[in-house]
Amino acid sequence: NTIIGGVGATINTDVLLAGKLQIDINTIEYFAVVDNDVYCNININYVIPNSSFKDNTEITSFIDTEGKVFRLDTYCFQSCSNLENAYFPEVTTMQGVNFYYCISLESVYLPKLESFGWSAFTGCSLESLDLPMVETITGCNKMVSLKTLNMPNAKTCESNTFNSNTSIEFIELPSLELSRTNLVFNTNSSLKELSLPNTKNFRLDTIYLSLNIEVLNLPSLEFIVDSAPPTSTYGYALNMTINIPTALQTTSDPVIIGWVNFWTSDLNATFNYV
């Protein structure tokens, strides 16, 4: 039920594997090394320990076919430059810096992941990130190869969560509540459309230096967090189409009115009331 690719030369006994994973040797069965890959059966639920494979240039994959791993501790795969695949069907929590700068990473399977800590995916080479159960997010920045993102249940995020992802063109987070979080999507140079259908509170520096945004979808918008528009247009996209609720068309809120005027007059935006 466990395959660890590429490490057979250095983790060539069950004793060494037990030490690496910090589990009892008696929980490991049928240990074998085949073509430099470790195969075994682990008969307990366990975590991938803190820093266990950090900076390991040999590991190419970790496949947990029966879902014995339930948590990835901090730094566990940090800077594993040849790690290509990770398969963890029962992991619910990642503590942070887990796949940090894994520059060969092609796929991760984490269908039950609910939360992950800072810099969990920072700098990794994933082109697609599919985390259907995640509710709390941070550390998806500097993923320069990322092109598709699926996080339908993400409700909260930290500042700078998605900054400097230079390849992605479309982001939709249907459950996100931004509140007072800032600079979430900044410096995404390829981002053309940002859709936040259930976000009620918004602040403009959320998209600072994402200069190619064409469509901003905020159909549930109720409140602009910033008390007043900036004094400069530097760092903000021009000619956007912005979708906001029909109710805001007749609002008397001076903050909303000020922002609409800034977007239309200074940034040449077009508003659709939906």
# chains A, B, ... in the order shown; residues from 1 in each chain; ligands from 1

call {"tool": "residues_around", "arguments": {"residues": "Ile242 of chain A", "least_positions_apart": "4", "cutoff": "6 Å", "atoms": "only C-alpha atoms", "output": "number ranges by chain"}}
result
A: 215-217, 271

call {"tool": "atom_distance", "arguments": {"atom1": "atom CA of Ile63 of chain A", "atom2": "atom CA of Asn45 of chain A"}}
result
14.3 Å

call {"tool": "residues_around", "arguments": {"residues": "segment 112-118 of chain A", "least_positions_apart": "5", "cutoff": "10 Å", "atoms": "only C-alpha atoms", "output": "number ranges by chain"}}
result
A: 70-74, 88-98, 100, 131-141, 153-154, 158, 161

call {"tool": "residues_around", "arguments": {"residues": "Gly258 of chain A", "least_positions_apart": "6", "cutoff": "12 Å", "atoms": "only C-alpha atoms", "output": "list in words"}}
result
Ile224, Asp226, Ser227, Ala228, Pro229, Pro230, Thr231, Thr251, Ser252, Thr264, Ser265 and Asp266 of chain A

call {"tool": "residues_around", "arguments": {"residues": "Asp55 of chain A", "least_positions_apart": "4", "cutoff": "12 Å", "atoms": "only C-alpha atoms", "output": "ChimeraX atom specification"}}
result
/A:51,59,75-83,97-103

call {"tool": "residues_around", "arguments": {"residues": "Glu106 of chain A", "least_positions_apart": "4", "cutoff": "8 Å", "atoms": "only C-alpha atoms", "output": "MDAnalysis selection string"}}
result
chainID A and resid 84:85 125:127

call {"tool": "residues_around", "arguments": {"residues": "segment 244-248 of chain A", "least_positions_apart": "3", "cutoff": "12 Å", "atoms": "only C-alpha atoms", "output": "PDB file with N, CA and C atoms, in the first residue's frame"}}
result
ATOM      1  N   SER A 195     -13.277  35.816 -10.546  1.00  0.00           N
ATOM      2  CA  SER A 195     -14.683  35.660 -10.206  1.00  0.00           C
ATOM      3  C   SER A 195     -14.822  35.253  -8.742  1.00  0.00           C
ATOM      4  N   LEU A 196     -15.494  36.108  -7.986  1.00  0.00           N
ATOM      5  CA  LEU A 196     -15.722  35.876  -6.558  1.00  0.00           C
ATOM      6  C   LEU A 196     -17.212  36.041  -6.283  1.00  0.00           C
ATOM      7  N   PRO A 197     -18.012  35.061  -6.684  1.00  0.00           N
ATOM      8  CA  PRO A 197     -19.471  35.244  -6.699  1.00  0.00           C
ATOM      9  C   PRO A 197     -20.128  35.429  -5.343  1.00  0.00           C
ATOM     10  N   ASN A 198     -19.479  34.999  -4.253  1.00  0.00           N
ATOM     11  CA  ASN A 198     -20.101  35.145  -2.941  1.00  0.00           C
ATOM     12  C   ASN A 198     -19.327  36.072  -2.008  1.00  0.00           C
ATOM     13  N   THR A 199     -18.351  36.771  -2.537  1.00  0.00           N
ATOM     14  CA  THR A 199     -17.581  37.702  -1.725  1.00  0.00           C
ATOM     15  C   THR A 199     -18.381  38.985  -1.496  1.00  0.00           C
ATOM     16  N   LYS A 200     -18.581  39.324  -0.228  1.00  0.00           N
ATOM     17  CA  LYS A 200     -19.376  40.508   0.120  1.00  0.00           C
ATOM     18  C   LYS A 200     -18.492  41.728   0.381  1.00  0.00           C
ATOM     19  N   ASN A 201     -17.297  41.515   0.919  1.00  0.00           N
ATOM     20  CA  ASN A 201     -16.379  42.613   1.221  1.00  0.00           C
ATOM     21  C   ASN A 201     -15.173  42.545   0.297  1.00  0.00           C
ATOM     22  N   PHE A 202     -14.779  43.678  -0.235  1.00  0.00           N
ATOM     23  CA  PHE A 202     -13.674  43.700  -1.205  1.00  0.00           C
ATOM     24  C   PHE A 202     -12.804  44.917  -0.963  1.00  0.00           C
ATOM     25  N   VAL A 215     -11.936  41.207 -16.471  1.00  0.00           N
ATOM     26  CA  VAL A 215     -13.258  41.022 -15.868  1.00  0.00           C
ATOM     27  C   VAL A 215     -13.096  40.764 -14.373  1.00  0.00           C
ATOM     28  N   LEU A 216     -13.841  41.528 -13.584  1.00  0.00           N
ATOM     29  CA  LEU A 216     -13.896  41.351 -12.132  1.00  0.00           C
ATOM     30  C   LEU A 216     -15.348  41.086 -11.767  1.00  0.00           C
ATOM     31  N   ASN A 217     -15.630  39.891 -11.278  1.00  0.00           N
ATOM     32  CA  ASN A 217     -17.001  39.466 -11.017  1.00  0.00           C
ATOM     33  C   ASN A 217     -17.264  39.471  -9.516  1.00  0.00           C
ATOM     34  N   LEU A 218     -18.098  40.428  -9.076  1.00  0.00           N
ATOM     35  CA  LEU A 218     -18.427  40.594  -7.655  1.00  0.00           C
ATOM     36  C   LEU A 218     -19.935  40.760  -7.492  1.00  0.00           C
ATOM     37  N   PRO A 219     -20.735  39.777  -7.886  1.00  0.00           N
ATOM     38  CA  PRO A 219     -22.192  39.945  -7.897  1.00  0.00           C
ATOM     39  C   PRO A 219     -22.839  40.008  -6.519  1.00  0.00           C
ATOM     40  N   SER A 220     -22.078  39.682  -5.450  1.00  0.00           N
ATOM     41  CA  SER A 220     -22.640  39.744  -4.100  1.00  0.00           C
ATOM     42  C   SER A 220     -22.045  40.878  -3.274  1.00  0.00           C
ATOM     43  N   LEU A 221     -21.303  41.771  -3.918  1.00  0.00           N
ATOM     44  CA  LEU A 221     -20.610  42.838  -3.211  1.00  0.00           C
ATOM     45  C   LEU A 221     -21.574  43.705  -2.387  1.00  0.00           C
ATOM     46  N   GLU A 222     -21.203  43.953  -1.114  1.00  0.00           N
ATOM     47  CA  GLU A 222     -21.977  44.826  -0.239  1.00  0.00           C
ATOM     48  C   GLU A 222     -21.148  45.972   0.319  1.00  0.00           C
ATOM     49  N   PHE A 223     -19.845  45.772   0.427  1.00  0.00           N
ATOM     50  CA  PHE A 223     -19.045  46.723   1.187  1.00  0.00           C
ATOM     51  C   PHE A 223     -17.631  46.811   0.621  1.00  0.00           C
ATOM     52  N   ILE A 224     -17.135  48.017   0.434  1.00  0.00           N
ATOM     53  CA  ILE A 224     -15.738  48.250   0.074  1.00  0.00           C
ATOM     54  C   ILE A 224     -14.960  48.519   1.361  1.00  0.00           C
ATOM     55  N   THR A 241     -14.131  45.274 -16.949  1.00  0.00           N
ATOM     56  CA  THR A 241     -15.578  45.124 -16.806  1.00  0.00           C
ATOM     57  C   THR A 241     -15.834  44.566 -15.418  1.00  0.00           C
ATOM     58  N   THR A 251     -27.288  53.064  -4.648  1.00  0.00           N
ATOM     59  CA  THR A 251     -26.829  53.215  -3.269  1.00  0.00           C
ATOM     60  C   THR A 251     -26.546  54.677  -2.926  1.00  0.00           C
ATOM     61  N   SER A 252     -26.729  55.013  -1.658  1.00  0.00           N
ATOM     62  CA  SER A 252     -26.362  56.339  -1.159  1.00  0.00           C
ATOM     63  C   SER A 252     -25.078  56.288  -0.333  1.00  0.00           C
ATOM     64  N   ASP A 253     -24.480  55.118  -0.253  1.00  0.00           N
ATOM     65  CA  ASP A 253     -23.244  54.948   0.515  1.00  0.00           C
ATOM     66  C   ASP A 253     -22.127  55.753  -0.154  1.00  0.00           C
ATOM     67  N   PRO A 254     -21.571  56.747   0.525  1.00  0.00           N
ATOM     68  CA  PRO A 254     -20.545  57.585  -0.110  1.00  0.00           C
ATOM     69  C   PRO A 254     -19.264  56.825  -0.449  1.00  0.00           C
ATOM     70  N   VAL A 255     -18.969  55.781   0.309  1.00  0.00           N
ATOM     71  CA  VAL A 255     -17.775  54.976   0.019  1.00  0.00           C
ATOM     72  C   VAL A 255     -17.953  54.248  -1.301  1.00  0.00           C
ATOM     73  N   ILE A 256     -19.103  53.583  -1.472  1.00  0.00           N
ATOM     74  CA  ILE A 256     -19.378  52.884  -2.726  1.00  0.00           C
ATOM     75  C   ILE A 256     -19.378  53.863  -3.900  1.00  0.00           C
ATOM     76  N   ILE A 257     -20.034  54.986  -3.722  1.00  0.00           N
ATOM     77  CA  ILE A 257     -20.103  55.987  -4.793  1.00  0.00           C
ATOM     78  C   ILE A 257     -18.706  56.468  -5.171  1.00  0.00           C
ATOM     79  N   TRP A 259     -15.892  54.883  -4.859  1.00  0.00           N
ATOM     80  CA  TRP A 259     -15.158  53.833  -5.558  1.00  0.00           C
ATOM     81  C   TRP A 259     -15.646  53.652  -6.993  1.00  0.00           C
ATOM     82  N   VAL A 260     -16.946  53.696  -7.177  1.00  0.00           N
ATOM     83  CA  VAL A 260     -17.482  53.567  -8.539  1.00  0.00           C
ATOM     84  C   VAL A 260     -16.958  54.709  -9.409  1.00  0.00           C
ATOM     85  N   THR A 270     -15.970  49.633 -16.873  1.00  0.00           N
ATOM     86  CA  THR A 270     -17.385  49.553 -17.248  1.00  0.00           C
ATOM     87  C   THR A 270     -18.103  48.694 -16.233  1.00  0.00           C
ATOM     88  N   PHE A 271     -19.230  49.172 -15.715  1.00  0.00           N
ATOM     89  CA  PHE A 271     -19.986  48.427 -14.721  1.00  0.00           C
ATOM     90  C   PHE A 271     -21.196  47.742 -15.353  1.00  0.00           C
ATOM     91  N   ASN A 272     -21.370  46.478 -14.992  1.00  0.00           N
ATOM     92  CA  ASN A 272     -22.599  45.755 -15.283  1.00  0.00           C
ATOM     93  C   ASN A 272     -23.289  45.489 -13.949  1.00  0.00           C
ATOM     94  N   TYR A 273     -24.562  45.816 -13.867  1.00  0.00           N
ATOM     95  CA  TYR A 273     -25.321  45.587 -12.650  1.00  0.00           C
ATOM     96  C   TYR A 273     -26.136  44.310 -12.834  1.00  0.00           C
ATOM     97  N   VAL A 274     -25.869  43.335 -11.956  1.00  0.00           N
ATOM     98  CA  VAL A 274     -26.435  42.000 -12.156  1.00  0.00           C
ATOM     99  C   VAL A 274     -27.289  41.580 -10.966  1.00  0.00           C
TER     100      VAL A 274
END

call {"tool": "atom_distance", "arguments": {"atom1": "atom CA of Lys20 of chain A", "atom2": "atom CA of Asn43 of chain A"}}
result
16.0 Å

call {"tool": "atom_distance", "arguments": {"atom1": "atom CA of Cys124 of chain A", "atom2": "atom CA of Ala9 of chain A"}}
result
25.3 Å

call {"tool": "closest_residue", "arguments": {"among": "A:Pro152, A:Gly235, A:Gly67, A:Gly6", "to": "Leu110 of chain A", "atoms": "only C-alpha atoms"}}
result
A:Gly67

call {"tool": "closest_residue", "arguments": {"among": "A:Tyr109, A:Phe262, A:Phe62, A:Phe53", "to": "Asn1 of chain A", "atoms": "only C-alpha atoms"}}
result
A:Phe62

call {"tool": "closest_residue", "arguments": {"among": "A:Leu183, A:Val69, A:Val7, A:Leu204", "to": "Ile48 of chain A", "atoms": "only C-alpha atoms"}}
result
A:Val69

call {"tool": "closest_residue", "arguments": {"among": "A:Met240, A:Ala269, A:Asp37, A:Leu209", "to": "Thr10 of chain A", "atoms": "only C-alpha atoms"}}
result
A:Asp37

call {"tool": "select_by_dssp", "arguments": {"residues": "segment 3-153 of chain A", "states": "alpha helix (DSSP H)", "output": "list of chain:residue names"}}
result
A:Asp14, A:Val15, A:Leu16, A:Leu17, A:Ala18, A:Gly19, A:Lys20, A:Leu21
